[in-house]
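Raw structure.tsv, TSV, C-alpha atoms:
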chain	number	residue	atom	x	y	z
A	1	MET	CA	0.00	0.00	0.00
A	2	ALA	CA	1.19	3.53	-0.82
A	3	PRO	CA	2.46	5.63	2.13
A	4	ILE	CA	-0.13	7.67	4.04
A	5	GLU	CA	1.15	11.00	2.64
A	6	ASP	CA	0.62	9.72	-0.91
A	7	ARG	CA	-2.92	8.49	-0.16
A	8	ILE	CA	-4.00	11.69	1.58
A	9	SER	CA	-2.50	13.85	-1.18
A	10	ALA	CA	-4.36	11.74	-3.75
A	11	ARG	CA	-7.69	12.32	-1.97
A	12	TRP	CA	-7.21	16.07	-1.56
A	13	ILE	CA	-6.08	16.55	-5.15
A	14	GLU	CA	-8.93	14.44	-6.50
A	15	VAL	CA	-11.67	16.36	-4.68
A	16	GLY	CA	-10.10	19.78	-5.33
A	17	THR	CA	-9.57	19.08	-9.03
A	18	HIS	CA	-13.19	17.98	-9.51
A	19	VAL	CA	-14.47	21.13	-7.80
A	20	ALA	CA	-12.13	23.37	-9.83
A	21	PHE	CA	-12.98	21.71	-13.14
A	22	THR	CA	-16.73	22.02	-12.49
A	23	ILE	CA	-16.40	25.72	-11.64
A	24	LEU	CA	-14.25	26.25	-14.73
A	25	VAL	CA	-16.73	24.65	-17.15
A	26	LEU	CA	-19.75	26.47	-15.64
A	27	SER	CA	-18.04	29.86	-15.54
A	28	PHE	CA	-16.82	29.51	-19.12
A	29	ALA	CA	-20.36	28.68	-20.27
A	30	ILE	CA	-21.56	31.87	-18.54
A	31	TYR	CA	-18.77	33.81	-20.27
A	32	ALA	CA	-19.16	32.37	-23.77
A	33	LEU	CA	-22.97	32.62	-23.70
A	34	GLN	CA	-22.57	36.21	-22.46
A	35	ILE	CA	-24.92	35.68	-19.52
A	36	LEU	CA	-22.70	38.10	-17.59
A	37	ASP	CA	-21.06	41.02	-19.39
A	38	PRO	CA	-17.27	40.65	-19.68
A	39	LEU	CA	-14.85	43.41	-18.71
A	40	VAL	CA	-13.24	43.17	-22.16
A	41	PRO	CA	-15.85	42.93	-24.93
A	42	LEU	CA	-15.46	39.73	-26.93
A	43	GLN	CA	-15.32	41.60	-30.25
A	44	ASP	CA	-12.34	43.66	-29.00
A	45	LEU	CA	-10.54	40.71	-27.46
A	46	VAL	CA	-9.46	39.34	-30.86
A	47	ARG	CA	-7.31	42.47	-31.39
A	48	LEU	CA	-6.18	42.88	-27.80
A	49	TRP	CA	-4.89	39.36	-27.11
A	50	GLN	CA	-2.07	39.97	-29.59
A	51	LEU	CA	-0.56	42.56	-27.24
A	52	PRO	CA	2.05	41.86	-24.54
A	53	VAL	CA	0.42	41.57	-21.13
A	54	ASP	CA	1.56	45.01	-19.91
A	55	ARG	CA	-0.05	46.75	-22.87
A	56	PHE	CA	-3.15	44.53	-22.62
A	57	VAL	CA	-3.59	45.58	-18.99
A	58	ALA	CA	-3.00	49.24	-19.83
A	59	GLN	CA	-5.53	49.27	-22.67
A	60	THR	CA	-8.29	47.21	-21.06
A	61	GLY	CA	-8.00	48.13	-17.40
A	62	ALA	CA	-7.65	44.41	-16.71
A	63	PRO	CA	-6.90	43.68	-13.05
A	64	THR	CA	-3.49	42.73	-11.70
A	65	GLY	CA	-2.66	41.19	-8.33
A	66	TRP	CA	-5.77	40.09	-6.46
A	67	ALA	CA	-7.95	42.83	-7.97
A	68	TRP	CA	-9.69	40.23	-10.14
A	69	LEU	CA	-11.63	39.16	-7.04
A	70	ARG	CA	-13.55	42.44	-7.26
A	71	LEU	CA	-14.53	41.59	-10.85
A	72	LEU	CA	-16.15	38.19	-10.27
A	73	GLY	CA	-19.39	39.70	-11.53
A	74	LYS	CA	-17.80	40.00	-14.98
A	75	GLY	CA	-18.10	36.98	-17.30
A	76	ASP	CA	-14.39	36.84	-18.16
A	77	TYR	CA	-12.97	37.26	-14.65
A	78	LEU	CA	-15.46	34.82	-13.13
A	79	ASN	CA	-13.35	32.15	-14.86
A	80	LEU	CA	-10.36	32.97	-12.69
A	81	LEU	CA	-12.22	31.50	-9.73
A	82	GLY	CA	-11.87	27.99	-11.18
A	83	VAL	CA	-8.24	28.66	-12.11
A	84	ALA	CA	-7.54	29.85	-8.56
A	85	VAL	CA	-9.12	26.73	-7.06
A	86	PHE	CA	-6.72	24.56	-9.11
A	87	VAL	CA	-3.81	26.54	-7.71
A	88	VAL	CA	-5.11	26.67	-4.13
A	89	VAL	CA	-5.63	22.89	-4.11
A	90	THR	CA	-1.88	22.49	-4.40
A	91	ILE	CA	-1.14	24.77	-1.44
A	92	ALA	CA	-3.79	23.02	0.67
A	93	CYS	CA	-2.31	19.64	-0.21
A	94	TYR	CA	1.20	20.62	0.93
A	95	ALA	CA	-0.18	22.34	4.05
A	96	ARG	CA	-2.03	19.13	4.97
A	97	MET	CA	1.25	17.21	4.81
A	98	VAL	CA	2.99	19.30	7.48
A	99	PRO	CA	1.09	17.97	10.55
A	100	LEU	CA	1.03	14.52	8.98
A	101	PHE	CA	4.82	14.35	8.71
A	102	ILE	CA	5.28	15.86	12.19
A	103	ARG	CA	2.97	13.21	13.69
A	104	GLU	CA	5.00	10.50	11.98
A	105	GLY	CA	8.27	11.96	13.24
A	106	LYS	CA	9.47	12.87	9.73
A	107	ARG	CA	10.71	16.33	10.63
A	108	THR	CA	12.85	16.89	7.53
A	109	GLN	CA	9.93	16.16	5.25
A	110	ALA	CA	7.64	18.32	7.39
A	111	LEU	CA	10.14	21.15	6.94
A	112	PHE	CA	10.15	20.76	3.14
A	113	ALA	CA	6.34	20.65	3.02
A	114	PHE	CA	6.26	23.82	5.14
A	115	LEU	CA	8.87	25.50	2.89
A	116	GLN	CA	6.81	24.60	-0.15
A	117	VAL	CA	3.73	26.26	1.37
A	118	VAL	CA	5.79	29.37	2.16
A	119	VAL	CA	7.15	29.54	-1.42
A	120	LEU	CA	3.67	29.18	-2.94
A	121	LEU	CA	2.15	31.75	-0.58
A	122	ALA	CA	5.00	34.16	-1.36
A	123	ALA	CA	4.31	33.74	-5.08
A	124	ALA	CA	0.59	34.30	-4.52
A	125	SER	CA	1.08	37.31	-2.25
A	126	GLY	CA	2.38	39.62	-4.95
A	127	LEU	CA	5.74	39.84	-3.21
A	128	PHE	CA	7.51	39.50	-6.57
A	129	ARG	CA	5.55	42.25	-8.34
B	130	MET	CA	-12.53	36.80	-37.87
B	131	ASP	CA	-15.31	36.28	-35.27
B	132	TRP	CA	-14.15	35.74	-31.68
B	133	TRP	CA	-15.90	32.37	-31.29
B	134	VAL	CA	-13.78	30.77	-34.03
B	135	TRP	CA	-10.72	30.83	-31.75
B	136	PRO	CA	-12.07	28.92	-28.71
B	137	VAL	CA	-13.60	26.33	-31.07
B	138	ALA	CA	-10.26	25.98	-32.89
B	139	LEU	CA	-8.43	25.79	-29.57
B	140	LEU	CA	-10.78	23.10	-28.32
B	141	ALA	CA	-10.21	21.02	-31.46
B	142	VAL	CA	-6.42	21.44	-31.52
B	143	THR	CA	-5.93	20.84	-27.80
B	144	PHE	CA	-8.24	17.80	-27.95
B	145	ALA	CA	-5.92	16.30	-30.58
B	146	MET	CA	-2.93	17.41	-28.50
B	147	GLY	CA	-4.33	15.62	-25.44
B	148	ILE	CA	-4.61	12.35	-27.41
B	149	VAL	CA	-1.13	12.65	-28.89
B	150	ALA	CA	0.43	13.62	-25.55
B	151	VAL	CA	-0.86	10.45	-23.87
B	152	LEU	CA	0.09	8.18	-26.78
B	153	ALA	CA	3.58	9.68	-27.06
B	154	GLY	CA	4.14	9.81	-23.31
B	155	VAL	CA	4.89	13.53	-23.22
B	156	GLY	CA	3.27	16.29	-21.17
B	157	GLY	CA	0.75	18.53	-22.90
B	158	GLY	CA	2.67	21.71	-22.03
B	159	VAL	CA	5.65	20.91	-24.21
B	160	LEU	CA	3.35	20.67	-27.24
B	161	PHE	CA	0.97	23.47	-26.28
B	162	VAL	CA	3.31	26.47	-25.97
B	163	PRO	CA	5.25	26.01	-29.23
B	164	ILE	CA	2.25	24.99	-31.33
B	165	ILE	CA	-0.27	27.55	-30.02
B	166	GLY	CA	2.47	30.20	-29.83
B	167	ALA	CA	3.48	29.53	-33.43
B	168	PHE	CA	0.14	29.09	-35.16
B	169	PHE	CA	-2.44	31.08	-33.12
B	170	PRO	CA	-2.69	34.88	-32.76
B	171	PHE	CA	-2.30	35.10	-28.95
B	172	HIS	CA	0.70	36.92	-27.53
B	173	LEU	CA	3.35	34.62	-26.07
B	174	ASP	CA	2.76	36.05	-22.54
B	175	PHE	CA	-0.78	34.60	-22.54
B	176	VAL	CA	0.30	31.35	-24.19
B	177	ARG	CA	2.99	30.72	-21.56
B	178	ALA	CA	0.56	31.34	-18.72
B	179	ALA	CA	-1.95	28.99	-20.33
B	180	GLY	CA	0.78	26.39	-20.90
B	181	LEU	CA	1.63	26.37	-17.20
B	182	LEU	CA	-2.01	26.03	-16.17
B	183	LEU	CA	-2.48	23.29	-18.72
B	184	ALA	CA	0.53	21.39	-17.38
B	185	LEU	CA	-0.74	21.92	-13.82
B	186	THR	CA	-4.26	20.67	-14.47
B	187	ALA	CA	-3.02	17.67	-16.45
B	188	ALA	CA	-0.62	16.76	-13.62
B	189	LEU	CA	-3.34	17.21	-10.99
B	190	SER	CA	-5.71	14.98	-12.97
B	191	ALA	CA	-3.19	12.18	-13.22
B	192	ALA	CA	-1.79	12.49	-9.68
B	193	PRO	CA	-4.47	10.70	-7.59
B	194	SER	CA	-4.26	7.35	-9.38
B	195	LEU	CA	-0.46	7.50	-9.62
B	196	LEU	CA	-0.10	8.30	-5.91
B	197	ARG	CA	-2.51	5.57	-4.83
B	198	SER	CA	-0.77	2.96	-6.98
B	199	GLY	CA	2.62	3.93	-5.54
B	200	LEU	CA	3.91	5.03	-8.95
B	201	ALA	CA	4.43	8.59	-7.70
B	202	SER	CA	6.20	9.37	-4.46
B	203	VAL	CA	5.66	12.50	-2.38
B	204	ARG	CA	8.82	11.87	-0.34
B	205	LEU	CA	10.90	11.69	-3.53
B	206	ALA	CA	9.29	14.75	-5.08
B	207	LEU	CA	9.01	17.10	-2.12
B	208	PRO	CA	12.61	18.34	-1.64
B	209	LEU	CA	13.10	18.70	-5.40
B	210	THR	CA	9.76	20.50	-5.75
B	211	VAL	CA	10.79	23.19	-3.28
B	212	VAL	CA	13.88	23.96	-5.36
B	213	SER	CA	12.09	23.95	-8.72
B	214	SER	CA	9.22	26.05	-7.30
B	215	ILE	CA	11.63	28.79	-6.21
B	216	THR	CA	13.49	28.80	-9.52
B	217	SER	CA	10.30	28.66	-11.59
B	218	ILE	CA	9.25	31.95	-9.96
B	219	ALA	CA	12.56	33.40	-11.13
B	220	GLY	CA	11.93	31.91	-14.59
B	221	ALA	CA	8.45	33.44	-14.80
B	222	LEU	CA	9.77	36.88	-13.77
B	223	LEU	CA	12.58	36.60	-16.29
B	224	GLY	CA	10.21	35.54	-19.05
B	225	LEU	CA	7.91	38.49	-18.38
B	226	ALA	CA	10.85	40.90	-18.38
B	227	LEU	CA	12.47	39.78	-21.65
B	228	PRO	CA	11.53	41.27	-25.03
B	229	THR	CA	9.13	39.06	-27.00
B	230	GLY	CA	11.53	38.61	-29.93
B	231	ALA	CA	14.33	37.31	-27.71
B	232	LEU	CA	11.91	35.01	-25.95
B	233	GLN	CA	10.61	33.62	-29.26
B	234	ILE	CA	14.17	32.88	-30.39
B	235	ALA	CA	15.02	31.21	-27.07
B	236	LEU	CA	11.78	29.21	-27.23
B	237	GLY	CA	12.53	28.08	-30.77
B	238	LEU	CA	16.03	26.93	-29.83
B	239	LEU	CA	14.74	25.21	-26.69
B	240	ILE	CA	12.02	23.33	-28.57
B	241	LEU	CA	14.52	22.14	-31.17
B	242	ALA	CA	16.83	21.04	-28.33
B	243	ILE	CA	13.96	19.18	-26.62
B	244	ALA	CA	13.16	17.42	-29.91
B	245	ALA	CA	16.83	16.38	-30.16
B	246	VAL	CA	16.85	15.13	-26.54
B	247	MET	CA	13.65	13.16	-27.10
B	248	TRP	CA	15.08	11.65	-30.26
B	249	ARG	CA	18.39	10.66	-28.68
B	250	SER	CA	17.47	9.82	-25.09
B	251	ARG	CA	17.45	6.24	-23.91
B	252	ALA	CA	15.73	5.55	-20.61
B	253	SER	CA	16.88	2.94	-18.13
B	254	VAL	CA	13.98	0.89	-16.77
B	255	HIS	CA	15.73	-0.16	-13.57
B	256	PRO	CA	18.92	1.90	-13.14
B	257	GLN	CA	21.61	0.45	-10.90
B	258	VAL	CA	22.09	2.43	-7.70
B	259	ALA	CA	24.90	0.69	-5.82
B	260	ARG	CA	24.61	2.89	-2.75
B	261	ALA	CA	22.19	5.65	-1.80
B	262	ASP	CA	24.05	8.87	-1.03
B	263	PRO	CA	23.89	10.34	2.50
B	264	LEU	CA	21.82	13.36	1.40
B	265	SER	CA	19.08	11.22	-0.10
B	266	MET	CA	19.02	9.04	3.03
B	267	ALA	CA	18.73	12.12	5.24
B	268	LEU	CA	15.82	13.34	3.12
B	269	GLY	CA	14.06	9.97	3.21
B	270	MET	CA	14.23	9.56	-0.57
B	271	HIS	CA	13.81	5.81	-0.75
B	272	GLY	CA	10.93	3.35	-0.72
B	273	MET	CA	9.13	0.59	-2.54
B	274	TYR	CA	6.38	0.27	-5.17
B	275	HIS	CA	4.52	-2.66	-6.66
B	276	ASP	CA	5.29	-3.31	-10.33
B	277	ALA	CA	2.23	-5.10	-11.71
B	278	ALA	CA	4.04	-6.06	-14.93
B	279	LEU	CA	6.84	-7.78	-12.98
B	280	GLY	CA	4.41	-9.11	-10.37
B	281	ARG	CA	6.67	-8.04	-7.50
B	282	ASP	CA	7.61	-5.15	-5.25
B	283	VAL	CA	10.51	-3.00	-6.41
B	284	GLU	CA	12.72	-1.25	-3.86
B	285	TRP	CA	14.17	2.07	-4.92
B	286	LYS	CA	16.82	4.44	-3.67
B	287	VAL	CA	18.61	7.35	-5.29
B	288	HIS	CA	22.10	8.73	-5.76
B	289	ARG	CA	23.68	11.98	-7.04
B	290	THR	CA	21.07	13.91	-5.04
B	291	ALA	CA	23.07	17.16	-4.96
B	292	ALA	CA	23.40	17.07	-8.76
B	293	GLY	CA	19.67	16.35	-8.88
B	294	PHE	CA	18.94	19.54	-6.94
B	295	VAL	CA	21.04	21.55	-9.42
B	296	ALA	CA	19.27	19.93	-12.37
B	297	PHE	CA	15.82	20.66	-10.92
B	298	ALA	CA	16.81	24.26	-10.21
B	299	GLY	CA	17.58	24.66	-13.93
B	300	ILE	CA	14.42	22.82	-14.97
B	301	GLY	CA	12.35	25.17	-12.77
B	302	VAL	CA	13.77	28.27	-14.48
B	303	ILE	CA	13.00	26.91	-17.94
B	304	ALA	CA	9.52	25.71	-16.98
B	305	GLY	CA	8.57	29.06	-15.44
B	306	MET	CA	10.11	31.09	-18.22
B	307	PHE	CA	8.50	29.27	-21.14
B	308	GLY	CA	5.41	27.73	-19.51
B	309	LEU	CA	6.37	24.37	-20.94
B	310	GLY	CA	5.69	22.07	-18.04
B	311	ALA	CA	8.73	19.96	-17.35
B	312	GLY	CA	7.97	16.28	-17.88
B	313	TRP	CA	10.43	16.18	-20.79
B	314	ALA	CA	13.25	17.11	-18.38
B	315	ASN	CA	11.99	15.69	-15.06
B	316	VAL	CA	11.94	12.09	-16.24
B	317	PRO	CA	15.54	11.96	-17.56
B	318	ALA	CA	16.79	13.86	-14.48
B	319	LEU	CA	15.11	11.43	-12.09
B	320	ASN	CA	15.83	8.30	-14.11
B	321	LEU	CA	19.23	8.78	-15.71
B	322	LEU	CA	20.80	11.17	-13.20
B	323	MET	CA	19.35	10.11	-9.84
B	324	GLY	CA	18.73	6.44	-10.61
B	325	VAL	CA	14.96	6.36	-10.03
B	326	PRO	CA	13.23	3.41	-11.75
B	327	LEU	CA	11.55	4.57	-14.96
B	328	LYS	CA	7.95	3.93	-13.89
B	329	LEU	CA	8.40	5.81	-10.64
B	330	ALA	CA	10.24	8.62	-12.47
B	331	VAL	CA	7.36	9.05	-14.95
B	332	GLY	CA	4.72	9.03	-12.19
B	333	THR	CA	6.64	11.32	-9.83
B	334	SER	CA	7.48	13.75	-12.63
B	335	GLY	CA	3.84	14.88	-12.70
B	336	PHE	CA	3.70	15.44	-8.95
B	337	LEU	CA	6.98	17.36	-9.14
B	338	LEU	CA	5.57	19.54	-11.87
B	339	ILE	CA	2.58	20.55	-9.71
B	340	GLY	CA	4.67	22.66	-7.30
B	341	GLY	CA	6.74	24.44	-9.95
B	342	ALA	CA	3.77	25.11	-12.24
B	343	THR	CA	1.71	26.46	-9.33
B	344	SER	CA	4.32	28.95	-8.15
B	345	ALA	CA	4.99	30.25	-11.68
B	346	ALA	CA	1.25	30.32	-12.47
B	347	TRP	CA	0.67	32.70	-9.54
B	348	ILE	CA	3.18	35.12	-11.07
B	349	TYR	CA	1.38	35.12	-14.42
B	350	LEU	CA	-2.06	35.32	-12.73
B	351	GLU	CA	-0.88	38.21	-10.61
B	352	ARG	CA	0.38	40.10	-13.71
B	353	GLY	CA	-2.96	39.73	-15.50
B	354	ALA	CA	-1.63	37.21	-18.07
B	355	VAL	CA	-4.31	34.54	-17.57
B	356	LEU	CA	-6.72	34.93	-20.47
B	357	PRO	CA	-9.85	32.81	-19.87
B	358	MET	CA	-10.71	32.65	-23.59
B	359	LEU	CA	-7.38	30.90	-24.16
B	360	VAL	CA	-6.99	28.95	-20.91
B	361	VAL	CA	-10.39	27.32	-20.42
B	362	PRO	CA	-11.02	25.78	-23.88
B	363	SER	CA	-7.43	24.53	-23.83
B	364	ILE	CA	-7.77	22.84	-20.44
B	365	ILE	CA	-11.09	21.26	-21.44
B	366	GLY	CA	-9.70	20.14	-24.81
B	367	VAL	CA	-6.56	18.56	-23.39
B	368	MET	CA	-8.41	16.82	-20.56
B	369	LEU	CA	-11.00	15.31	-22.93
B	370	GLY	CA	-8.27	14.37	-25.41
B	371	ALA	CA	-6.23	12.68	-22.68
B	372	LYS	CA	-9.23	10.55	-21.73
B	373	VAL	CA	-9.62	9.41	-25.37
B	374	GLY	CA	-5.85	8.91	-25.60
B	375	VAL	CA	-5.88	6.53	-22.65
B	376	ARG	CA	-8.55	4.44	-24.41
B	377	LEU	CA	-6.54	4.39	-27.65
B	378	LEU	CA	-3.34	3.47	-25.86
B	379	LYS	CA	-3.80	-0.29	-26.27
B	380	ALA	CA	-4.22	-0.12	-30.05
B	381	ALA	CA	-1.77	2.67	-30.89
B	382	LYS	CA	1.88	2.32	-31.87
B	383	PRO	CA	3.66	4.74	-29.53
B	384	ALA	CA	6.85	4.79	-31.61
B	385	HIS	CA	4.94	6.17	-34.61
B	386	VAL	CA	3.10	8.74	-32.48
B	387	ARG	CA	6.41	9.81	-30.99
B	388	GLN	CA	7.78	10.42	-34.48
B	389	VAL	CA	4.77	12.63	-35.24
B	390	VAL	CA	5.42	14.57	-32.00
B	391	LEU	CA	9.06	15.07	-32.95
B	392	ILE	CA	8.07	16.41	-36.37
B	393	LEU	CA	5.51	18.75	-34.77
B	394	LEU	CA	8.11	20.01	-32.31
B	395	VAL	CA	10.65	20.67	-35.06
B	396	LEU	CA	8.06	22.57	-37.13
B	397	ALA	CA	6.85	24.60	-34.12
B	398	GLY	CA	10.42	25.28	-32.98
B	399	ALA	CA	11.41	26.48	-36.45
B	400	ARG	CA	8.30	28.66	-36.64
B	401	ALA	CA	9.08	30.22	-33.22
B	402	LEU	CA	12.63	30.97	-34.41
B	403	LEU	CA	11.33	32.63	-37.59
B	404	LYS	CA	8.83	34.70	-35.57
B	405	GLY	CA	11.64	35.72	-33.24
B	406	PHE	CA	13.64	37.01	-36.21
B	407	GLY	CA	10.53	38.82	-37.49
B	408	ILE	CA	10.15	36.53	-40.53
Can the structure from this file be put into structure tokens for me?
Amino acid sequence: MAPIEDRISARWIEVGTHVAFTILVLSFAIYALQILDPLVPLQDLVRLWQLPVDRFVAQTGAPTGWAWLRLLGKGDYLNLLGVAVFVVVTIACYARMVPLFIREGKRTQALFAFLQVVVLLAAASGLFR
Amino acid sequence: MDWWVWPVALLAVTFAMGIVAVLAGVGGGVLFVPIIGAFFPFHLDFVRAAGLLLALTAALSAAPSLLRSGLASVRLALPLTVVSSITSIAGALLGLALPTGALQIALGLLILAIAAVMWRSRASVHPQVARADPLSMALGMHGMYHDAALGRDVEWKVHRTAAGFVAFAGIGVIAGMFGLGAGWANVPALNLLMGVPLKLAVGTSGFLLIGGATSAAWIYLERGAVLPMLVVPSIIGVMLGAKVGVRLLKAAKPAHVRQVVLILLVLAGARALLKGFGI
């Protein structure tokens, strides 16, 4: 049988991925069917997506950092919720491993799991902007 | 051209890519970035972000069954993941800072190099590791998995761990910079350098990729480079394609599919080079 950390990771990833994928499909349907207005009109997007990201942001007023959370009422940025769940699943999975390794006396591995959480949170925090 | 043509085209192309990726045993990211970057109108910033998310979702989808079957190991992946996650942040920042032309040229050269590595590389199913090195023992990088084909348990241990850390630091930079995923590099590094049995190397490669792709993906997300119209149809297409690919796996001839992948990579790499030179 696979070690406990592998089995628990498998369960967390499985559940999180299903939730994220469901949100992603539903939010994209809302976007493509234009049930919610997008921030960037679909007709303009075809021209704008050829620009580098800095110019795209400047021309569209697209959010950077965590500002997209304030635009969840827009069809396009609603999709980032599903994307974020995929990414958060990973952090949650590593965070779950820390107490697990400590309980099993695997302090080195607990330290690496903790470091991994710190690195991912640092990346998410906008520290490297 | 109407906007809806592009998500439909993406869905179709990434569906085919998902099938081919499974049959050829490569990650979707390594095909996605050069092909979509070369033949679709999206800027490379958006394509790289989408490539990372694609690699992440594909790795997350495969991880549960690989972990449960013992063909992926958290204790093997974890220390290496920390290193590649840090360097993939640096890679993402570097990629976003470089001029597009230079990045296209670098991408073209890299894709051609990957095609050459894939063409030349010979894996070792059960590499000989005479003695595990002290660093790997201290990090708990050893264990056992059941090989159904052999009908027995296989013990594994690793060596050259310090060199492995250096290799994964480099892989992280490249993965973050180009959004390629890293299965093409993870497997040889684990298998040929560190002496991990091939099956375990393939399975663990995906779990390793999760950490690096996540950290770099945050950087792109934070900069506003995640374009839903590009990302979502691509993820759906590749996931559906991968499911069909798994079903076709029994009947397909992987060697032939691999040759098709190599040709595609050479064409996409050459196209990226030409774009980089403004041709």
Could you give me, as an mmCIF file with C-alpha atoms, keeping the file's coordinate frame, the residues that have an atom at most 9 Å away from the point (21.1, 10.9, -5.2) in the coordinates of the file, using all atoms listed in the file?
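See selection_0.cif below for the written result:
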data_model
loop_
_atom_site.group_PDB
_atom_site.id
_atom_site.type_symbol
_atom_site.label_atom_id
_atom_site.label_comp_id
_atom_site.auth_asym_id
_atom_site.auth_seq_id
_atom_site.Cartn_x
_atom_site.Cartn_y
_atom_site.Cartn_z
ATOM 1 C CA VAL B 258 22.090 2.430 -7.700
ATOM 2 C CA ALA B 261 22.190 5.650 -1.800
ATOM 3 C CA ASP B 262 24.050 8.870 -1.030
ATOM 4 C CA PRO B 263 23.890 10.340 2.500
ATOM 5 C CA LEU B 264 21.820 13.360 1.400
ATOM 6 C CA SER B 265 19.080 11.220 -0.100
ATOM 7 C CA MET B 266 19.020 9.040 3.030
ATOM 8 C CA MET B 270 14.230 9.560 -0.570
ATOM 9 C CA LYS B 286 16.820 4.440 -3.670
ATOM 10 C CA VAL B 287 18.610 7.350 -5.290
ATOM 11 C CA HIS B 288 22.100 8.730 -5.760
ATOM 12 C CA ARG B 289 23.680 11.980 -7.040
ATOM 13 C CA THR B 290 21.070 13.910 -5.040
ATOM 14 C CA ALA B 291 23.070 17.160 -4.960
ATOM 15 C CA ALA B 292 23.400 17.070 -8.760
ATOM 16 C CA GLY B 293 19.670 16.350 -8.880
ATOM 17 C CA LEU B 322 20.800 11.170 -13.200
ATOM 18 C CA MET B 323 19.350 10.110 -9.840
ATOM 19 C CA GLY B 324 18.730 6.440 -10.610
#
Could you list, with a cut-off of 10 Å and counting only C-alpha atoms, the residues of range 2-111 of chain A near range 225-232 of chain B, each shown with its nearest atom pair and the distance in Å rounded to one decimal, rows sorted by chain and ascending number, as CSV?
residue,atom,partner,partner_atom,distance
A:Pro52,CA,B:Thr229,CA,8.0
A:Val53,CA,B:Leu225,CA,8.6
A:Asp54,CA,B:Leu225,CA,9.2
Kindly assemble as a Markdown table a list of the chain A residues that lie within 7 Å of chain B, each paired with its nearest atom pair and their distance in Å to one decimal, using all atoms listed in the file, sorted first by chain and then by ascending residue number.
| residue | atom | partner | partner_atom | distance |
| --- | --- | --- | --- | --- |
| A:Ala2 | CA | B:Gly199 | CA | 4.9 |
| A:Glu5 | CA | B:Val203 | CA | 6.9 |
| A:Asp6 | CA | B:Leu196 | CA | 5.2 |
| A:Arg7 | CA | B:Arg197 | CA | 5.5 |
| A:Ala10 | CA | B:Pro193 | CA | 4.0 |
| A:Arg11 | CA | B:Pro193 | CA | 6.7 |
| A:Ile13 | CA | B:Leu189 | CA | 6.5 |
| A:Glu14 | CA | B:Pro193 | CA | 5.9 |
| A:Thr17 | CA | B:Leu189 | CA | 6.8 |
| A:Leu24 | CA | B:Val361 | CA | 7.0 |
| A:Phe28 | CA | B:Val361 | CA | 6.9 |
| A:Leu42 | CA | B:Trp132 | CA | 6.3 |
| A:Gln43 | CA | B:Trp132 | CA | 6.1 |
| A:Val46 | CA | B:Trp132 | CA | 6.0 |
| A:Trp49 | CA | B:Phe171 | CA | 5.3 |
| A:Gln50 | CA | B:His172 | CA | 4.6 |
| A:Leu51 | CA | B:His172 | CA | 5.8 |
| A:Pro52 | CA | B:His172 | CA | 5.9 |
| A:Val53 | CA | B:Ala354 | CA | 5.7 |
| A:Val57 | CA | B:Gly353 | CA | 6.8 |
| A:Ala62 | CA | B:Gly353 | CA | 6.7 |
| A:Pro63 | CA | B:Gly353 | CA | 6.1 |
| A:Thr64 | CA | B:Gly353 | CA | 4.9 |
| A:Gly65 | CA | B:Glu351 | CA | 4.2 |
| A:Trp66 | CA | B:Glu351 | CA | 6.7 |
| A:Asp76 | CA | B:Pro357 | CA | 6.3 |
| A:Asn79 | CA | B:Pro357 | CA | 6.1 |
| A:Val87 | CA | B:Thr343 | CA | 5.8 |
| A:Thr108 | CA | B:Leu268 | CA | 6.4 |
| A:Gln109 | CA | B:Leu268 | CA | 6.9 |
| A:Phe112 | CA | B:Pro208 | CA | 5.9 |
| A:Ala113 | CA | B:Leu207 | CA | 6.8 |
| A:Leu115 | CA | B:Val211 | CA | 6.9 |
| A:Gln116 | CA | B:Val211 | CA | 5.3 |
| A:Val119 | CA | B:Ile215 | CA | 6.6 |
| A:Leu120 | CA | B:Ser344 | CA | 5.3 |
| A:Ala123 | CA | B:Ser344 | CA | 5.7 |
| A:Ala124 | CA | B:Trp347 | CA | 5.3 |
| A:Gly126 | CA | B:Glu351 | CA | 6.7 |
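If you look at CA of Leu309 in chain B and CA of Phe161 in chain B, they are 7.6 Å away from each other.
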How many Å lie between CA of His255 in chain B and CA of Ala188 in chain B, rounded to one decimal? 23.5 Å
Counting only C-alpha atoms, which of A:Ser9, A:Ala58, A:Arg103, A:Leu45 gets nearest to Ile91 in chain A? A:Ser9
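Atom pair CA of Leu48 in chain A / CA of Val159 in chain B: separated by 25.2 Å.
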Just want the 7 Å neighbourhood of Val386 in chain B, counted on only C-alpha atoms, with same-chain residues fewer than 4 positions away dropped. Output as an MDAnalysis selection string. chainID B and resid 149 152:153 382 390
Residues at most 8 Å from Val395 in chain B, counting all atoms listed in the file, excluding those fewer than 2 positions away in the same chain, as a PyMOL selection string? chain B and resi 240-241+244+391-393+397-399
Find the smallest box with edges along x, y and z containing every listed atom of range 107-113 of chain A, then add 5 Å on each side and report centre and edge lengths in Å to one decimal, as AutoDock Vina command-line options.
--center_x 9.6 --center_y 18.7 --center_z 6.8 --size_x 16.5 --size_y 15.0 --size_z 17.6
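Distances to Pro256 in chain B were evaluated for B:Ile300, B:Leu327, B:His271, B:Leu279 using all atoms listed in the file, and the minimum falls at B:Leu327.
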Pick from A:His18, A:Lys74, A:Arg96, A:Arg129, whichever lies nearest to Leu39 in chain A using only C-alpha atoms: A:Lys74
